[in-house]
>>> print(open('entry18.cif').read())   # mmCIF, C-alpha atoms
data_run
#
loop_
_atom_site.label_atom_id
_atom_site.label_comp_id
_atom_site.auth_asym_id
_atom_site.auth_seq_id
_atom_site.Cartn_x
_atom_site.Cartn_y
_atom_site.Cartn_z
CA MET X 4 -3.65 16.03 13.72
CA ARG X 5 -4.95 13.24 15.94
CA GLY X 6 -8.26 13.17 14.10
CA ALA X 7 -6.55 12.99 10.69
CA LEU X 8 -4.33 10.15 11.88
CA ASP X 9 -7.30 8.21 13.24
CA LEU X 10 -9.12 8.59 9.92
CA LEU X 11 -6.12 7.27 8.01
CA ALA X 12 -5.60 4.42 10.49
CA ALA X 13 -9.17 3.22 9.76
CA TRP X 14 -8.49 3.10 6.01
CA GLU X 15 -9.12 -0.64 5.73
CA THR X 16 -12.32 -0.59 7.79
CA THR X 17 -14.58 2.44 8.24
CA THR X 18 -12.87 5.38 6.53
CA THR X 19 -14.21 6.21 3.07
CA VAL X 20 -11.91 6.83 0.13
CA GLY X 21 -12.97 10.48 0.03
CA ASP X 22 -12.29 11.08 3.73
CA ALA X 23 -8.92 9.34 3.54
CA ALA X 24 -7.92 11.39 0.50
CA ALA X 25 -8.83 14.64 2.27
CA ALA X 26 -6.98 13.64 5.44
CA ALA X 27 -3.86 12.66 3.49
CA ARG X 28 -3.86 15.92 1.54
CA ASP X 29 -4.42 18.08 4.63
CA ILE X 30 -2.16 16.41 7.16
CA GLY X 31 1.09 17.90 5.85
CA PRO X 32 -0.08 21.54 5.86
CA LEU X 33 -1.72 20.95 9.27
CA LEU X 34 1.58 19.74 10.69
CA TRP X 35 3.55 22.58 9.17
CA ARG X 36 1.14 25.16 10.60
CA GLU X 37 1.53 23.60 14.04
CA LEU X 38 5.32 23.77 13.79
CA THR X 39 5.29 27.40 12.71
CA LEU X 40 2.59 28.59 15.12
CA ARG X 41 4.45 26.95 18.01
CA CYS X 42 7.69 28.66 16.83
CA LEU X 43 9.37 25.29 16.33
CA TRP X 44 10.10 25.47 12.59
CA ASP X 45 13.08 27.83 12.71
CA ALA X 46 14.76 25.73 15.40
CA LEU X 47 14.74 22.61 13.22
CA PRO X 48 17.85 21.70 11.22
CA ALA X 49 17.82 21.81 7.42
CA ARG X 50 17.44 18.02 7.21
CA ASP X 51 14.14 18.25 9.08
CA HIS X 52 12.92 21.06 6.83
CA ALA X 53 13.54 18.77 3.85
CA ALA X 54 11.87 15.81 5.57
CA ILE X 55 8.76 17.86 6.35
CA SER X 56 8.63 19.26 2.83
CA TRP X 57 8.82 15.67 1.53
CA PHE X 58 6.09 14.68 3.98
CA VAL X 59 3.79 17.41 2.64
CA ALA X 60 4.41 16.21 -0.92
CA HIS X 61 3.84 12.58 0.09
CA GLY X 62 0.50 13.46 1.64
CA LEU X 63 -0.64 15.06 -1.61
CA GLN X 64 0.52 11.99 -3.53
CA VAL X 65 -1.28 9.63 -1.16
CA GLY X 66 -4.46 11.69 -1.38
CA HIS X 67 -4.37 11.39 -5.17
CA ALA X 68 -3.67 7.64 -4.96
CA CYS X 69 -6.64 7.12 -2.63
CA VAL X 70 -8.96 8.55 -5.27
CA THR X 71 -7.39 6.95 -8.35
CA GLN X 72 -6.43 3.52 -6.97
CA GLY X 73 -8.92 2.93 -4.15
CA LYS X 74 -8.43 0.51 -1.29
CA THR X 75 -5.46 -1.41 -2.65
CA GLU X 76 -2.56 -2.96 -0.79
CA ARG X 77 -0.17 -0.45 -2.33
CA VAL X 78 -2.19 2.54 -1.13
CA GLY X 79 -2.45 0.95 2.31
CA ALA X 80 1.35 0.71 2.51
CA GLU X 81 1.69 4.37 1.51
CA ILE X 82 -0.84 5.38 4.17
CA ALA X 83 1.05 3.38 6.82
CA GLU X 84 4.26 5.23 5.91
CA LEU X 85 2.44 8.56 6.02
CA ILE X 86 0.97 7.77 9.45
CA GLY X 87 4.37 6.92 10.91
CA GLU X 88 6.00 10.11 9.67
CA ALA X 89 3.01 12.24 10.72
CA ALA X 90 3.09 10.78 14.23
CA HIS X 91 6.82 11.42 14.51
CA TRP X 92 6.43 15.11 13.71
CA ALA X 93 3.27 15.45 15.79
CA ARG X 94 5.23 14.14 18.75
CA THR X 95 7.84 16.83 18.04
CA CYS X 96 5.06 19.42 18.41
CA ASP X 97 3.62 17.76 21.50
CA LEU X 98 6.57 16.56 23.59
CA GLY X 99 4.58 16.84 26.79
CA ALA X 100 2.12 14.21 25.56
CA ALA X 101 4.30 11.90 23.49
CA ASN X 102 2.10 8.92 24.41
CA ARG X 103 -0.65 10.43 22.22
CA TRP X 104 1.39 9.40 19.18
CA PRO X 105 2.11 5.66 19.55
CA GLU X 106 2.43 5.28 15.76
CA ALA X 107 5.71 7.25 15.74
CA PRO X 108 8.72 5.07 14.82
CA PRO X 109 10.73 4.83 18.05
CA ARG X 110 14.15 5.55 16.51
CA ARG X 111 13.16 8.06 13.84
CA SER X 112 14.99 11.00 15.47
CA GLN X 113 18.08 8.87 16.01
CA TYR X 114 18.13 7.86 12.35
CA GLY X 115 17.89 11.51 11.32
CA ARG X 116 20.97 12.37 13.39
CA ALA X 117 22.77 9.31 12.07
CA ALA X 118 22.04 10.42 8.51
CA GLN X 119 23.65 13.77 9.28
CA GLN X 120 26.81 11.96 10.39
CA LEU X 121 26.82 9.71 7.33
CA TRP X 122 26.41 12.75 5.10
CA ASN X 123 29.29 14.58 6.79
CA ARG X 124 31.57 11.65 6.03
CA TYR X 125 30.20 11.16 2.53
CA GLN X 126 30.76 14.82 1.67
CA ALA X 127 34.43 14.52 2.58
CA LEU X 128 35.05 11.76 0.01
CA PRO X 129 36.54 12.40 -3.43
CA HIS X 130 34.02 12.15 -6.26
CA PRO X 131 35.08 8.68 -7.49
CA TRP X 132 34.47 7.24 -4.04
CA LYS X 133 31.12 9.02 -3.74
CA THR X 134 30.09 7.34 -6.97
CA ARG X 135 31.33 3.93 -5.87
CA VAL X 136 29.55 4.13 -2.49
CA MET X 137 26.22 5.08 -4.09
CA ARG X 138 26.56 2.30 -6.66
CA GLU X 139 27.16 -0.28 -3.96
CA MET X 140 24.20 1.02 -1.94
CA GLU X 141 21.80 0.17 -4.76
CA PRO X 142 19.83 -2.77 -3.30
CA LEU X 143 19.71 -6.10 -5.04
CA PRO X 144 16.38 -7.39 -6.37
CA GLY X 145 14.22 -9.27 -3.91
CA PRO X 146 12.98 -8.70 -0.36
CA PRO X 147 14.31 -5.68 1.59
CA HIS X 148 17.77 -6.26 3.02
CA LYS X 149 18.54 -5.52 6.66
CA GLY X 150 21.68 -3.82 7.89
CA ARG X 151 21.76 -1.06 5.27
CA ARG X 152 22.90 1.60 7.77
CA LEU X 153 25.81 -0.59 8.82
CA LEU X 154 26.65 -1.25 5.16
CA PHE X 155 26.67 2.48 4.40
CA ALA X 156 29.01 3.15 7.35
CA THR X 157 31.25 0.23 6.35
CA LEU X 158 31.54 1.50 2.77
CA LEU X 159 32.45 4.96 4.05
CA THR X 160 35.14 3.54 6.33
CA ARG X 161 36.62 1.59 3.43
CA ALA X 162 36.56 4.66 1.19
CA GLU X 163 38.20 6.82 3.85
CA LYS X 164 41.15 4.43 4.11
CA ALA X 165 41.63 3.38 0.49
CA PRO X 166 43.24 5.09 -2.51
CA VAL X 167 40.95 6.90 -4.94
CA PRO X 168 39.55 4.28 -7.36
CA THR X 169 39.75 4.59 -11.10
CA THR X 170 36.45 5.23 -12.84
CA SER X 171 34.93 2.23 -14.57
CA THR X 172 32.15 1.86 -17.13
CA ALA X 173 29.93 0.45 -14.36
CA ASP X 174 30.22 3.74 -12.48
CA GLN X 175 28.90 5.96 -15.29
CA PRO X 176 25.13 5.80 -14.53
CA THR X 177 25.79 6.46 -10.84
CA ASP X 178 28.19 9.30 -11.68
CA ALA X 179 25.28 11.33 -13.10
CA LEU X 180 23.21 10.52 -10.00
CA VAL X 181 25.96 11.75 -7.67
CA ARG X 182 26.40 14.99 -9.62
CA SER X 183 22.65 15.62 -9.41
CA PHE X 184 22.69 14.77 -5.69
CA SER X 185 25.47 17.30 -5.03
CA ARG X 186 23.44 20.14 -6.56
CA ARG X 187 20.59 19.80 -4.07
CA PRO X 188 20.40 21.79 -0.81
CA ALA X 189 22.26 20.10 2.04
CA GLY X 190 19.09 19.29 3.96
CA TRP X 191 17.66 17.37 1.02
CA GLN X 192 20.92 15.47 0.61
CA ILE X 193 20.78 14.37 4.24
CA GLU X 194 17.15 13.27 3.98
CA ILE X 195 17.99 11.29 0.85
CA ILE X 196 20.83 9.57 2.71
CA ARG X 197 18.49 8.77 5.63
CA ARG X 198 16.18 6.98 3.22
CA ILE X 199 19.00 5.18 1.43
CA ALA X 200 20.42 4.01 4.75
CA ALA X 201 16.95 2.66 5.59
CA GLY X 202 17.07 0.48 2.47
CA ALA X 203 15.75 2.64 -0.36
CA SER X 204 17.31 2.68 -3.82
CA PRO X 205 19.60 5.71 -4.40
CA CYS X 206 18.28 6.07 -7.94
CA ARG X 207 14.61 5.88 -6.98
CA THR X 208 15.09 8.07 -3.92
CA SER X 209 16.80 10.75 -5.98
CA SER X 210 13.91 10.75 -8.45
CA ALA X 211 11.39 10.84 -5.60
CA ALA X 212 13.18 13.86 -4.10
CA ASP X 213 12.93 15.70 -7.42
CA GLU X 214 9.23 14.92 -7.58
CA ALA X 215 8.65 16.06 -3.98
CA ILE X 216 10.40 19.37 -4.65
CA GLN X 217 8.28 19.92 -7.75
CA ILE X 218 5.06 19.12 -5.88
CA VAL X 219 5.62 21.48 -2.96
CA SER X 220 6.79 24.20 -5.34
CA ARG X 221 3.69 23.81 -7.52
CA GLN X 222 1.43 23.96 -4.48
CA GLY X 223 3.04 27.15 -3.24
CA VAL X 224 4.25 25.42 -0.08
CA ARG X 225 7.55 27.20 0.26
CA LEU X 226 9.27 24.74 2.57
CA ILE X 227 12.46 24.04 0.63
CA GLN X 228 14.25 26.83 2.48
CA ARG X 229 13.31 28.52 5.76
CA PRO X 230 9.94 30.24 5.22
CA SER X 231 8.26 33.05 7.07
CA LEU X 232 4.80 31.53 7.45
CA PRO X 233 3.45 31.85 3.87
CA ARG X 234 -0.17 31.03 3.18
CA ILE X 235 -0.70 27.38 2.21
CA PRO X 236 -3.46 27.00 -0.37
CA ARG X 237 -5.68 23.97 -0.24
CA PRO X 238 -4.88 21.42 -2.98
#
>>> encode(input="entry18.cif", output="structure tokens")
Amino acid sequence: MRGALDLLAAWETTTTVGDAAAAARDIGPLLWRELTLRCLWDALPARDHAAISWFVAHGLQVGHACVTQGKTERVGAEIAELIGEAAHWARTCDLGAANRWPEAPPRRSQYGRAAQQLWNRYQALPHPWKTRVMREMEPLPGPPHKGRRLLFATLLTRAEKAPVPTTSTADQPTDALVRSFSRRPAGWQIEIIRRIAAGASPCRTSSAADEAIQIVSRQGVRLIQRPSLPRIPRP
């Protein structure tokens, strides 16, 4: 894991496109093997299973982008995101040497637990309020906005105290999104909410979740539910 991370970190300098693509493709299965061999996988909550499944899919996507797009700013941003998530989970495997993974976002675990709490509250809302909250969480055009977690919590508090709203024409596109969201496994719903609370678009995040599920299913990486150490074929 450390070697793969170091290769990806040198993307803009010494790492070749081919080496970066291979490291990105392999880092997800490497992590998952570590979690299972260390008997950590089954102890993780469903939200972490979904996050790791998404991470595996993202690595495959980044590997493809390295080859097809080369050393572009967009690919660099995707690699930086992959490195952060990889380091977070590597630290989970290696708690006794957490300083080996300085790239790990310091509050990543906290945000995962916070997403669980947001989801618990969101699930308790009537459908019209679920739709209204998701619609209002769609970010406005322009630079990323700060305070999205606080906004999500504020919207939930308002919904918990207010009468059920009447459905409006503006709610219709989000209504379909919410119905699709509710059909996913709980762990995937929580991971989607974690990403939305971090500033991602509900619509784009929902589509990205669908794509991640399709990718890991196509690759035979059976991570969507609790697996029993299936073989992971190389992409």
>>> resolve_selection(input="entry18.cif", expression="the PyMOL selection byres ((chain X and resi 188) around 10)", output="list of chain:residue names")
X:Ala49, X:Arg50, X:Ala53, X:Phe184, X:Ser185, X:Arg186, X:Arg187, X:Ala189, X:Gly190, X:Trp191, X:Gln192, X:Ile193, X:Ile227, X:Gln228
>>> write_last_selection(input="entry18.cif", atoms="C-alpha atoms", output="PDB file, in the coordinates of the input")
ATOM      1  CA  ALA X  49      17.820  21.810   7.420  1.00  0.00           C
ATOM      2  CA  ARG X  50      17.440  18.020   7.210  1.00  0.00           C
ATOM      3  CA  ALA X  53      13.540  18.770   3.850  1.00  0.00           C
ATOM      4  CA  PHE X 184      22.690  14.770  -5.690  1.00  0.00           C
ATOM      5  CA  SER X 185      25.470  17.300  -5.030  1.00  0.00           C
ATOM      6  CA  ARG X 186      23.440  20.140  -6.560  1.00  0.00           C
ATOM      7  CA  ARG X 187      20.590  19.800  -4.070  1.00  0.00           C
ATOM      8  CA  ALA X 189      22.260  20.100   2.040  1.00  0.00           C
ATOM      9  CA  GLY X 190      19.090  19.290   3.960  1.00  0.00           C
ATOM     10  CA  TRP X 191      17.660  17.370   1.020  1.00  0.00           C
ATOM     11  CA  GLN X 192      20.920  15.470   0.610  1.00  0.00           C
ATOM     12  CA  ILE X 193      20.780  14.370   4.240  1.00  0.00           C
ATOM     13  CA  ILE X 227      12.460  24.040   0.630  1.00  0.00           C
ATOM     14  CA  GLN X 228      14.250  26.830   2.480  1.00  0.00           C
TER      15      GLN X 228
END
>>> atom_distance(input="entry18.cif", atom1="atom CA of Leu34 of chain X", atom2="atom CA of Ala107 of chain X")
14.1 Å
>>> residues_near_point(input="entry18.cif", point="(-12.8, 8.5, 10.0)", cutoff="12 Å", atoms="all atoms listed in the file", output="PyMOL selection string")
chain X and resi 5-27
>>> closest_residue(input="entry18.cif", among="X:Ala100, X:Leu159, X:Val136, X:Met4", to="Asn123 of chain X", atoms="only C-alpha atoms")
X:Leu159
>>> closest_residue(input="entry18.cif", among="X:Val181, X:Ile82, X:Ala203, X:Ala93", to="Arg41 of chain X", atoms="only C-alpha atoms")
X:Ala93
>>> residues_around(input="entry18.cif", residues="Thr208 of chain X", least_positions_apart="2", cutoff="10 Å", atoms="only C-alpha atoms", output="PyMOL selection string")
chain X and resi 194-196+198-199+203-206+210-214
>>> closest_residue(input="entry18.cif", among="X:Gly66, X:Pro48, X:Gly145, X:Gly31", to="Glu88 of chain X", atoms="all atoms listed in the file")
X:Gly31
>>> closest_residue(input="entry18.cif", among="X:Ile218, X:Ala179, X:Leu43, X:Leu153", to="Asp97 of chain X", atoms="only C-alpha atoms")
X:Leu43
>>> closest_residue(input="entry18.cif", among="X:Trp122, X:Phe155, X:Trp132, X:Phe58", to="Trp92 of chain X", atoms="only C-alpha atoms")
X:Phe58
